[in-house]
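Peer 1: Would you mind keeping the following structure in view while I ask a few things?
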Amino acid sequence: MLWTSAVVFVVVVGGVLLALARGTRRGAGETPTTPDSSLHRGIVISTVATTVVLIALLTASVWAGRGVASQRAEAAVSIAVTGHQWWWEFEYEDALPSRRVLTANELHLPTGRPVVVKVTSRDVIHSFWVPNLQGKRDLIPGMTTAIWLQAAQTGRFRGQCAEFCGLQHAHMAFDVVVEPEGQFEHWLDQQRAPAASPTDGLASRGLEIFTTQRCGRCHTIRGTDAAGQAAPDLTHMASRLSLAAGTLPNSAPHRRAFVSDPQATKPGTQMPSNPFTDQDLAALTAYLDTLQ
Amino acid sequence: MTIGHVVDGDWQELERSWADPSGWRRLTSSIDHKTIGRRYLITAFAFFLLGGVLAAVMRLQLARPGHPLVGPDLYNQIFTTHGTTMMFLFAVPVMQGLGIYFVPLMVGARSIAFPRLVAYSYWMFLFGGVFLYVSFLLNAGPDVGWFSYPPLAESLYSPSKRADVWAQLITFTEVASLAVAVSLITTAFKLRTPGMTLNRIPVFVWSQVVTSFMVIFAMPAVMLASTALILDRLVHTHFFDVEQAGDALLWQHLFWFFGHPEVYIIFIPGSGLVSTIVTTFSQRRMVGYLAVVLSLVSTAFMGFGLWVHHMFATGLPQLGESFFTAASMMIAIPTGIQIFCWIATMWSGRIRVQTPMLWILGFFGIFIAGGLTGVMLAAVPLNTQLHDTFFVVAHFHYVLIGGAVFPLFGAFYYWYPKIAGRPLGERLGRWVFGLLFTGFNLTFFPMHVLGLHGMPRRVYTYLPELGWGPLNVVASVGALLMAAGVVLFLVDVLALGSRATADAGANPWSAGTLEWATASPPPPGNFLHPPTAGGREPLWDNTPAQPVVTGLRTDIREVLVTHVLDAEPDHRQRFPDPSAWPLLTALATTALFVGSIFTPWAVVWGAIPVFVTLVGWFWPKSAGDAGTQPWPIRSRTLPRPGEAPAAGGVL
Amino acid sequence: MSAPAALDVRHLPAGAFGSRSLMWWATMGVVLIEGTVFGLTIAAYFYLGMRAPAWPPDSVAAPDLRWGTINTAILIASLLPNELTRRAAERVDLGRVRWWLCASVLFGLAFNAVRALEFTALNVSWDRDSYGSIVWLLLGLHTTHIVTDFLDTAVLTALTFTGPIEEHRFVDVEENAVYWYFVVLAWLPIYGVIYWVPRLT
């Protein structure tokens, strides 16, 4: 496509420049010598050539589209993606409800296995896009569509929202980790488990703050009383690569800063600022650190 | 009708009949198409400057990752207002403004059809734009993109009045555009000078006619959609919200059914300008005139069959997508035909590369690149990667700035001597061109790469580690160059142009079309004795024996109406005198439109002043207003279709 | 050099009827625009209908036929005084024009009054769901046309009595009749969609 376009560009602009050269060399008073018939012939030939090139490009496009669309198989990983303002809900589907994995903002995929991603939105239109793996697909409320992808190489990739969805559209990304099958299954098992109960006093105090303050109204931590549905599932949040939908690195200082003032990083986000005291904040972040 | 020798007419009487009123009454009551056309051009250009300032803020913001100058809320208002301004308040009105000024002149008419309607449309355009910017200054500027997708634009996610401001702006500008479209079609088909058969109509006029038809069929779609959005937000209908069986994709279909033809509504007049300037500066008739006209028509038809290519990421069935890919690629064929005809015309002409032609050369380079990226985007596999990235931003700026703005600047340098009566200097014009051409490519070419590197659209900032910083800096520097070019242009026009004293003369470029057959600037009434057309380029083709039209009255405003196909003289039509009713009706309509975003009752109560002003507009002042015999009428003098009036005029 | 030849048009009439008149072109412009609006709204109706699980939704009855059908009859019947007005205008017969315009105004009053009753018989509210919304929008859009058509016909009728009258006013009357035709004929597919499509699905 790119090369064809470059060649066409050079040829047509070249034609313009040639015509310019011819036309400016002709002095005033000279009558044009090119007969109309040969000009018409030139136009017809150029039009036919244009049509042929376009048909070729069209054929190539439809052919490639069929290739992209035909990745389908049994034994595919099936992931339900739900877009929210401004985070990603991922659910790994399974016939057995107890084996389903609900997480947020980070996807793991096995190499070499087809993955079907079923997308929808809870609020406005978003778009699921991992540039290195597949074209984008819009997440439209009221409908679910499916897109297939298959990752060939291991690595860490970035996905982001690609449909304007409001104030923090710019900060709605997600991490994609492609890993060998064994590691992928291990990760799924880890994610399936409920959060470990905190062992030390500071972290226990943190859990208490989490469930008695408003955190649990929006967030879920499986294994505790926090069961909110409006915000990312935090059961294993400390194991993730990034924070706040790909906005911040997931280190302790960043967790601390974000929890106390999310509006500073993502102004307009749904999570309110939380003016905790220093001790409460230390306890809370100590608890979050345990959510591996 | 007699063919004889011309009896000297009275220019002074013609000018007295057609002159604008003086003083402030000129502002309120002028219905002269040249006055209105100038207002359209100046106002559209003012909005261009405002939209450009918004773009400059965006480029300053995006030059660096993180550390944004403005927060997301203001940025969202800025990019929405930038797009809305450029599409609705600049690109379409400026092309219609050129049509309003030049179509009557090019067809040899004394006036545009329905001059009061055109005056009304100007006020609606102005008031709509003012409404948008006042809202923006009051922190109520629309902030959900120029395309305003629900559910984001529904009241649940956009609770303030911002989205209503956008939706009503659409209503203002579409009413204005539709009114002008009807006037231009009627002018081009019914007011042509005798001898200007269909195959002698200038290509620019054809481009305006084709565009006007597109406006008529496309704009209702966006008016319907924006009305439905206001209804959803104001009275809780459920067109687009999914909870009650509404459909978010319905919006996209309606919007893009308008939105795709919209870009051709902008480009086709631009291509008409290219044809005009290429012809004049090659001093040669257009090669392949019929092919060019048919290309314009087929582009318009095909333009209505492409809209789904804006929706390839939504997950539509592949067979349907393939159809729209095919159509989106095939539309390059008629555009290509036009390009080949232009090349052929230049090839066999005697070219002078003066400033207008320079802009056309710039058009070729930029527009062709944009068209090619368009073909790329038509391919679904590529589209799903590049959609909603800066690649698309690059593409549409290449086709719109290349295809419309560059020809527009060329047309400005071409027609300024006719409008103002004075020439513009060549030297500064070349500098403006150089700055804009270089600045444009520096700004937008890197965006292709940014899109290929994954940078999405409509983001107020981005993370440093993504590596998009350097190219964004280049783009922002390019934007500064563009701004410098625009400033230089303003200097050229406002400071230097106004100080030139040389008279441009009637036809400084030795062009062939009829606007150059009258003085610069054209006097009120345009032509005392309109020349008839002996060919497609009347000033080149007419022999000395070619007749001029005589017998039109000069003591009142009178225009010759001819037959559609062959431009044979049909009847004389008395045209209205200056009137303030268009302005008053526009004020009443504005009150209705602005009120109705706050309460549905505004539609009911607001309709009353609109009704009153419309009655005032149409109610005749006296029995001779329309130039026909007052009651009692003994016998009919006005013919019906198919009747020829008897000699002496009684039937 | 001799003066150019003259094409003298002073004996041409000062206006014309039908498609020769500029007013006809304006009317046709409006017909194309409004026809497009109606066409798109009907398309949206079918689009929403195809996406919905049931149409009309469960527990919503189709609009009652009575007032809609009666009004369709009134509208079609109004074409008679309308056509007679148009012919009288082409004959420049002021007396007949006044008479048939008054008749048209009466029909206009009738169909506007019955239209109000139609809204009460739709059996759904505009804010219930997308079905209610599109039905009200479709009926509402056509209603704006019958209201404005009635008003401008009424004003024109008044003008024929008060004056000032000249021959060109008869062209205005004729073109008003053309617009009236459009408003009535555009109603027929809309009537079919609102009242009969829910009965067929």
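Here's how to read the names in the structure tokens: chain A, B, ... by the order shown, residue numbers from 1 in each chain, ligand numbers from 1 in the order shown.
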With only C-alpha atoms counted and 7 Å as the cut-off, give the residues of chain B in contact with chain A, each with its shortest interatomic distance in Å and the pair that gives it, as a tab-separated table.
Peer 2:
```
residue	atom	partner	partner_atom	distance
B:Pro72	CA	A:Leu167	CA	5.5
B:Asp73	CA	A:Leu167	CA	6.2
B:Pro151	CA	A:Val124	CA	5.1
B:Leu152	CA	A:Val124	CA	5.3
B:Val242	CA	A:Gly142	CA	5.5
B:Ala313	CA	A:Arg137	CA	4.9
B:Thr314	CA	A:Asp138	CA	5.0
B:Gly315	CA	A:Thr145	CA	6.3
B:Ser322	CA	A:Val62	CA	6.5
B:Ala326	CA	A:Leu58	CA	6.3
B:Met329	CA	A:Leu54	CA	6.4
B:Met330	CA	A:Leu54	CA	6.9
B:Ile333	CA	A:Thr51	CA	6.5
B:Gly336	CA	A:Thr47	CA	6.8
B:Ile337	CA	A:Thr47	CA	6.1
B:Phe340	CA	A:Ile43	CA	5.5
B:Cys341	CA	A:Ile43	CA	6.5
B:Ile343	CA	A:Val16	CA	5.7
B:Ala344	CA	A:Leu39	CA	5.9
B:Met346	CA	A:Ala19	CA	5.5
B:Trp347	CA	A:Ala19	CA	4.1
B:Ser348	CA	A:Pro32	CA	5.4
B:Gly349	CA	A:Gly23	CA	5.3
B:Arg350	CA	A:Gly23	CA	4.9
B:Ile351	CA	A:Thr24	CA	4.7
B:Arg352	CA	A:Thr24	CA	6.3
B:Phe364	CA	A:Val13	CA	6.9
B:Gly365	CA	A:Val13	CA	6.4
B:Ile368	CA	A:Phe9	CA	6.7
B:Ala369	CA	A:Phe9	CA	6.5
B:Leu372	CA	A:Ser5	CA	5.9
B:Met376	CA	A:Met1	CA	6.6
B:Ala379	CA	A:Ser61	CA	5.1
B:Val380	CA	A:Gly65	CA	6.4
B:Pro381	CA	A:Gly65	CA	5.4
B:Thr384	CA	A:Gly135	CA	4.4
B:Gln385	CA	A:Gly135	CA	4.4
B:Asp388	CA	A:Ala162	CA	6.0
B:Gly454	CA	A:Pro131	CA	6.5
B:Pro456	CA	A:Ala162	CA	5.9
B:Arg458	CA	A:Phe164	CA	6.3
B:Val459	CA	A:Ala170	CA	4.6
B:Tyr460	CA	A:Ala170	CA	6.3
B:Thr461	CA	A:Ala170	CA	6.4
B:Tyr462	CA	A:Ala170	CA	6.8
```
Peer 1: Write a file of the just-selected residues containing N, CA and C atoms, as a short mmCIF file (atom, residue, chain, number, x, y, z; two decimals), in the first residue's frame.
Peer 2:
```cif
data_model
loop_
_atom_site.label_atom_id
_atom_site.label_comp_id
_atom_site.auth_asym_id
_atom_site.auth_seq_id
_atom_site.Cartn_x
_atom_site.Cartn_y
_atom_site.Cartn_z
N PRO B 72 -7.83 18.58 31.12
CA PRO B 72 -8.64 17.84 30.13
C PRO B 72 -9.97 18.51 29.82
N ASP B 73 -10.56 19.17 30.78
CA ASP B 73 -11.86 19.76 30.52
C ASP B 73 -11.76 20.87 29.47
N PRO B 151 -23.26 7.46 23.63
CA PRO B 151 -23.85 7.98 24.85
C PRO B 151 -23.08 9.10 25.55
N LEU B 152 -21.83 9.37 25.16
CA LEU B 152 -21.08 10.40 25.85
C LEU B 152 -21.82 11.74 25.79
N VAL B 242 -29.17 3.23 25.18
CA VAL B 242 -29.42 1.80 25.02
C VAL B 242 -30.39 1.25 26.05
N ALA B 313 -14.50 0.27 12.76
CA ALA B 313 -14.06 -0.30 14.03
C ALA B 313 -15.22 -0.79 14.89
N THR B 314 -16.46 -0.62 14.40
CA THR B 314 -17.59 -0.98 15.26
C THR B 314 -17.97 -2.45 15.17
N GLY B 315 -17.40 -3.18 14.21
CA GLY B 315 -17.70 -4.61 14.15
C GLY B 315 -18.88 -4.95 13.26
N SER B 322 -16.84 -4.52 2.92
CA SER B 322 -16.15 -4.59 1.63
C SER B 322 -16.78 -3.66 0.62
N ALA B 326 -14.82 -0.68 -1.29
CA ALA B 326 -14.78 -0.54 -2.74
C ALA B 326 -15.21 0.86 -3.16
N MET B 329 -12.65 3.52 -2.38
CA MET B 329 -11.51 3.56 -3.28
C MET B 329 -11.93 4.08 -4.66
N MET B 330 -13.09 3.63 -5.12
CA MET B 330 -13.49 3.98 -6.48
C MET B 330 -13.75 5.47 -6.64
N ILE B 333 -11.48 7.63 -8.63
CA ILE B 333 -11.42 7.66 -10.10
C ILE B 333 -11.90 9.01 -10.65
N GLY B 336 -9.42 11.54 -9.85
CA GLY B 336 -8.25 11.36 -10.71
C GLY B 336 -8.48 11.93 -12.09
N ILE B 337 -9.69 11.73 -12.64
CA ILE B 337 -9.99 12.27 -13.97
C ILE B 337 -9.82 13.78 -13.97
N PHE B 340 -6.17 14.61 -14.07
CA PHE B 340 -5.55 14.40 -15.39
C PHE B 340 -5.98 15.50 -16.35
N CYS B 341 -7.20 15.94 -16.27
CA CYS B 341 -7.65 17.03 -17.15
C CYS B 341 -6.90 18.32 -16.83
N ILE B 343 -3.87 18.50 -15.59
CA ILE B 343 -2.51 18.34 -16.10
C ILE B 343 -2.50 18.56 -17.61
N ALA B 344 -3.49 18.00 -18.29
CA ALA B 344 -3.55 18.14 -19.74
C ALA B 344 -3.72 19.60 -20.15
N MET B 346 -2.73 22.23 -18.42
CA MET B 346 -1.45 22.91 -18.18
C MET B 346 -0.43 22.52 -19.25
N TRP B 347 -0.44 21.26 -19.60
CA TRP B 347 0.51 20.70 -20.56
C TRP B 347 0.44 21.47 -21.86
N SER B 348 -0.79 21.81 -22.28
CA SER B 348 -0.95 22.41 -23.60
C SER B 348 -1.27 23.89 -23.50
N GLY B 349 -0.97 24.48 -22.38
CA GLY B 349 -1.29 25.90 -22.22
C GLY B 349 -0.04 26.76 -22.19
N ARG B 350 -0.24 28.05 -21.93
CA ARG B 350 0.87 28.98 -21.76
C ARG B 350 0.82 29.47 -20.32
N ILE B 351 1.61 28.84 -19.48
CA ILE B 351 1.43 29.03 -18.03
C ILE B 351 2.21 30.24 -17.52
N ARG B 352 1.53 31.02 -16.70
CA ARG B 352 2.21 32.07 -15.94
C ARG B 352 2.10 31.68 -14.47
N PHE B 364 -1.79 20.65 -5.57
CA PHE B 364 -1.50 19.35 -6.18
C PHE B 364 -0.68 18.47 -5.25
N GLY B 365 0.41 19.05 -4.72
CA GLY B 365 1.28 18.24 -3.88
C GLY B 365 0.57 17.72 -2.65
N ILE B 368 -2.98 15.46 -3.35
CA ILE B 368 -2.76 14.11 -3.88
C ILE B 368 -2.25 13.19 -2.77
N ALA B 369 -1.34 13.69 -1.94
CA ALA B 369 -0.88 12.87 -0.82
C ALA B 369 -2.05 12.50 0.09
N LEU B 372 -4.22 9.79 -1.38
CA LEU B 372 -3.59 8.46 -1.32
C LEU B 372 -3.71 7.88 0.08
N MET B 376 -5.59 4.36 1.43
CA MET B 376 -5.04 3.43 2.44
C MET B 376 -6.06 3.19 3.54
N ALA B 379 -8.98 0.63 3.25
CA ALA B 379 -8.77 -0.81 3.43
C ALA B 379 -9.01 -1.16 4.88
N VAL B 380 -9.96 -2.08 5.13
CA VAL B 380 -10.36 -2.36 6.51
C VAL B 380 -9.22 -2.82 7.40
N PRO B 381 -8.36 -3.72 6.96
CA PRO B 381 -7.29 -4.16 7.88
C PRO B 381 -6.39 -3.00 8.32
N THR B 384 -8.47 -0.52 10.76
CA THR B 384 -8.66 -0.86 12.18
C THR B 384 -7.41 -0.57 12.99
N GLN B 385 -6.28 -0.42 12.34
CA GLN B 385 -5.10 0.04 13.09
C GLN B 385 -5.03 1.56 13.13
N ASP B 388 -8.89 6.57 14.33
CA ASP B 388 -8.78 7.25 15.61
C ASP B 388 -7.34 7.47 16.07
N GLY B 454 1.09 4.63 16.99
CA GLY B 454 0.07 4.35 17.99
C GLY B 454 -0.50 5.52 18.74
N PRO B 456 -3.09 7.98 19.73
CA PRO B 456 -4.51 8.15 19.43
C PRO B 456 -4.89 9.62 19.37
N ARG B 458 -7.44 12.99 20.12
CA ARG B 458 -8.27 13.56 21.18
C ARG B 458 -7.73 13.25 22.56
N VAL B 459 -6.43 13.25 22.69
CA VAL B 459 -5.81 13.08 24.00
C VAL B 459 -5.18 14.40 24.40
N TYR B 460 -5.40 14.78 25.68
CA TYR B 460 -4.89 16.08 26.08
C TYR B 460 -3.42 16.03 26.48
N THR B 461 -2.92 14.82 26.68
CA THR B 461 -1.51 14.65 26.97
C THR B 461 -1.14 13.20 26.73
N TYR B 462 0.18 12.89 26.86
CA TYR B 462 0.62 11.53 26.64
C TYR B 462 1.85 11.28 27.51
#
```
Peer 1: Please produce, as CSV, a per-residue contact table for chain C versus chain B (criterion: any atom at most 8 Å away, only C-alpha atoms considered), showing the nearest atom pair and its distance in Å to one decimal, sorted by chain then residue number.
Peer 2:
```
residue,atom,partner,partner_atom,distance
C:Ala3,CA,B:Val6,CA,6.4
C:Pro4,CA,B:Pro547,CA,5.7
C:Ala5,CA,B:Pro547,CA,4.3
C:Ala6,CA,B:Pro547,CA,5.0
C:Leu7,CA,B:Val549,CA,4.7
C:Asp8,CA,B:Thr550,CA,4.6
C:Val9,CA,B:Gly551,CA,5.0
C:Arg10,CA,B:Gly551,CA,4.3
C:His11,CA,B:Gly648,CA,6.6
C:Leu12,CA,B:His571,CA,5.1
C:Pro13,CA,B:His571,CA,5.1
C:Ala14,CA,B:Arg572,CA,4.8
C:Gly15,CA,B:Leu638,CA,5.5
C:Ala16,CA,B:Leu638,CA,4.7
C:Phe17,CA,B:Arg640,CA,4.8
C:Gly18,CA,B:Pro641,CA,6.1
C:Ser19,CA,B:Pro641,CA,6.6
C:Arg20,CA,B:Pro641,CA,6.1
C:Leu22,CA,B:Thr186,CA,7.1
C:Trp25,CA,B:Thr186,CA,6.3
C:Ala26,CA,B:Val182,CA,6.5
C:Gly29,CA,B:Val182,CA,5.7
C:Leu32,CA,B:Ile216,CA,7.0
C:Ile33,CA,B:Ile216,CA,5.5
C:Glu34,CA,B:Pro220,CA,7.8
C:Thr36,CA,B:Phe217,CA,6.2
C:Val37,CA,B:Pro220,CA,5.5
C:Leu40,CA,B:Ala221,CA,6.8
C:Thr41,CA,B:Leu224,CA,7.6
C:Ala44,CA,B:Leu250,CA,7.2
C:Tyr47,CA,B:Leu250,CA,7.5
C:Leu48,CA,B:Gly246,CA,7.1
C:Arg51,CA,B:Ala245,CA,7.9
C:Ala52,CA,B:Ala245,CA,6.1
C:Glu90,CA,B:Arg640,CA,7.7
C:Arg91,CA,B:Arg636,CA,7.2
C:Val92,CA,B:Arg636,CA,6.4
C:Trp126,CA,B:Thr237,CA,5.7
C:Asp127,CA,B:Thr237,CA,4.5
C:Arg128,CA,B:Thr237,CA,7.3
C:Asp129,CA,B:Gln244,CA,4.7
C:Ser130,CA,B:His238,CA,4.8
C:Tyr131,CA,B:Ala245,CA,7.8
C:Gly132,CA,B:Thr237,CA,7.8
C:Ser133,CA,B:Thr237,CA,5.2
C:Ile134,CA,B:Phe239,CA,7.2
C:Val155,CA,B:Val615,CA,7.7
C:Leu159,CA,B:Trp619,CA,7.9
C:Gly163,CA,B:Ala623,CA,7.8
C:Pro164,CA,B:Ala623,CA,4.8
C:Ile165,CA,B:Ala623,CA,5.5
C:Glu166,CA,B:Pro630,CA,3.9
C:Glu167,CA,B:Thr628,CA,5.5
C:His168,CA,B:Thr628,CA,5.9
```
Peer 1: For the residues in that selection, give me C-alpha atoms as a short mmCIF file (atom, residue, chain, number, x, y, z; two decimals), in the first residue's frame.
Peer 2:
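Output contents, as saved in again_32.cif:
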```
data_model
loop_
_atom_site.label_atom_id
_atom_site.label_comp_id
_atom_site.auth_asym_id
_atom_site.auth_seq_id
_atom_site.Cartn_x
_atom_site.Cartn_y
_atom_site.Cartn_z
CA ALA C 3 -21.55 49.05 -31.04
CA PRO C 4 -22.39 45.42 -30.14
CA ALA C 5 -25.69 43.99 -31.30
CA ALA C 6 -28.65 44.16 -28.95
CA LEU C 7 -30.80 41.29 -27.71
CA ASP C 8 -33.79 43.30 -26.61
CA VAL C 9 -35.90 41.69 -23.92
CA ARG C 10 -38.22 44.55 -23.07
CA HIS C 11 -41.28 42.80 -24.51
CA LEU C 12 -40.88 39.71 -22.37
CA PRO C 13 -43.56 39.18 -19.74
CA ALA C 14 -42.88 40.32 -16.18
CA GLY C 15 -43.16 36.86 -14.69
CA ALA C 16 -44.33 33.32 -15.40
CA PHE C 17 -46.20 30.40 -13.82
CA GLY C 18 -45.12 26.92 -12.90
CA SER C 19 -41.60 25.65 -13.39
CA ARG C 20 -40.73 28.82 -15.27
CA LEU C 22 -38.33 31.28 -9.53
CA TRP C 25 -37.62 26.44 -7.76
CA ALA C 26 -37.69 27.62 -4.15
CA GLY C 29 -35.86 23.10 -2.96
CA LEU C 32 -36.28 18.04 -1.70
CA ILE C 33 -34.99 19.07 1.73
CA GLU C 34 -38.08 18.09 3.66
CA THR C 36 -35.03 13.95 2.62
CA VAL C 37 -35.84 14.62 6.27
CA LEU C 40 -34.26 9.63 6.79
CA THR C 41 -36.71 9.58 9.69
CA ALA C 44 -34.38 5.52 11.33
CA TYR C 47 -33.40 0.76 11.77
CA LEU C 48 -34.61 0.99 15.35
CA ARG C 51 -32.61 -3.65 16.36
CA ALA C 52 -35.40 -3.96 18.90
CA GLU C 90 -53.39 30.00 -13.30
CA ARG C 91 -56.51 31.61 -14.79
CA VAL C 92 -55.89 34.73 -12.67
CA TRP C 126 -42.38 9.76 23.57
CA ASP C 127 -40.28 9.04 26.61
CA ARG C 128 -41.15 5.41 27.06
CA ASP C 129 -38.55 3.94 24.68
CA SER C 130 -37.12 4.29 21.19
CA TYR C 131 -40.38 3.15 19.61
CA GLY C 132 -42.33 5.90 21.36
CA SER C 133 -39.64 8.42 20.49
CA ILE C 134 -39.49 7.69 16.78
CA VAL C 155 -51.95 34.52 5.44
CA LEU C 159 -53.93 38.84 1.40
CA GLY C 163 -54.74 43.32 -1.10
CA PRO C 164 -52.47 44.76 -2.47
CA ILE C 165 -52.96 42.29 -5.31
CA GLU C 166 -51.09 42.11 -8.57
CA GLU C 167 -50.74 39.41 -11.19
CA HIS C 168 -47.60 37.95 -9.64
#
```
Peer 1: Leaving out range 171-173 of chain B and any residue of its chain fewer than 5 positions from it, which residues lie within 7 Å of it when counting only C-alpha atoms, given as a PyMOL selection string?
Peer 2: chain B and resi 88+124-125+128+223
Peer 1: Neighbouring residues of range 189-196 of chain C were defined as those with any atom within 7 Å, considering only C-alpha atoms; residues of the same chain fewer than 2 positions away were excluded. Please report them as number ranges by chain.
Peer 2: C: 62-63, 65, 135, 186-187, 198-200
Peer 1: Which residues are close to Gly112 in chain A, i.e. within 8 Å by only C-alpha atoms, leaving aside same-chain residues fewer than 3 positions away? Reply as number ranges by chain.
Peer 2: A: 150-153
Peer 1: Determine, counting only C-alpha atoms, which protein, DNA and RNA residues have an atom within 6 Å of an atom of range 357-362 of chain B; residues of the same chain fewer than 3 positions away are not included. Present the result as a short mmCIF file (atom, residue, chain, number, x, y, z; two decimals) with C-alpha atoms, in the first residue's frame.
Peer 2:
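Wrote it out as result-v8.cif, contents follow:
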```cif
data_model
loop_
_atom_site.label_atom_id
_atom_site.label_comp_id
_atom_site.auth_asym_id
_atom_site.auth_seq_id
_atom_site.Cartn_x
_atom_site.Cartn_y
_atom_site.Cartn_z
CA VAL B 353 3.20 31.11 -12.43
CA GLN B 354 1.74 34.06 -10.60
CA GLY B 365 1.28 18.24 -3.88
CA PHE B 406 -4.89 26.16 -0.70
CA PRO B 407 -7.29 26.67 -3.63
CA GLY B 410 -5.29 30.97 -4.61
#
```
Peer 1: List every residue of range 173-307 of chain B that DSSP, applied to the backbone of this structure, places in helix (DSSP H, G or I), and write the result as a VMD selection string.
Peer 2: chain B and resid 173 to 190 198 to 200 203 to 235 242 to 244 248 to 282 289 to 303 307
Peer 1: Do a neighbour search on Ile31 in chain B at 8 Å with only C-alpha atoms, toss out local chain neighbours closer than 3 positions, and write the hits as a PyMOL selection string.
Peer 2: chain B and resi 20+35-36+115-116+118-119+577-579
Peer 1: So how many Å separate CA of Val178 in chain A and CA of Val116 in chain A, to one decimal?
Peer 2: 14.7 Å
Peer 1: When you draw a straight line from CA of Ala154 in chain C to CA of Ala103 in chain C, how long is it in Å?
Peer 2: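 The value is 10.5 Å.
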Peer 1: What does the structure give for the distance between CA of Leu126 in chain B and CA of Gln252 in chain B, in Å to one decimal?
Peer 2: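 Rounded to one decimal, the two atoms are 27.6 Å apart.
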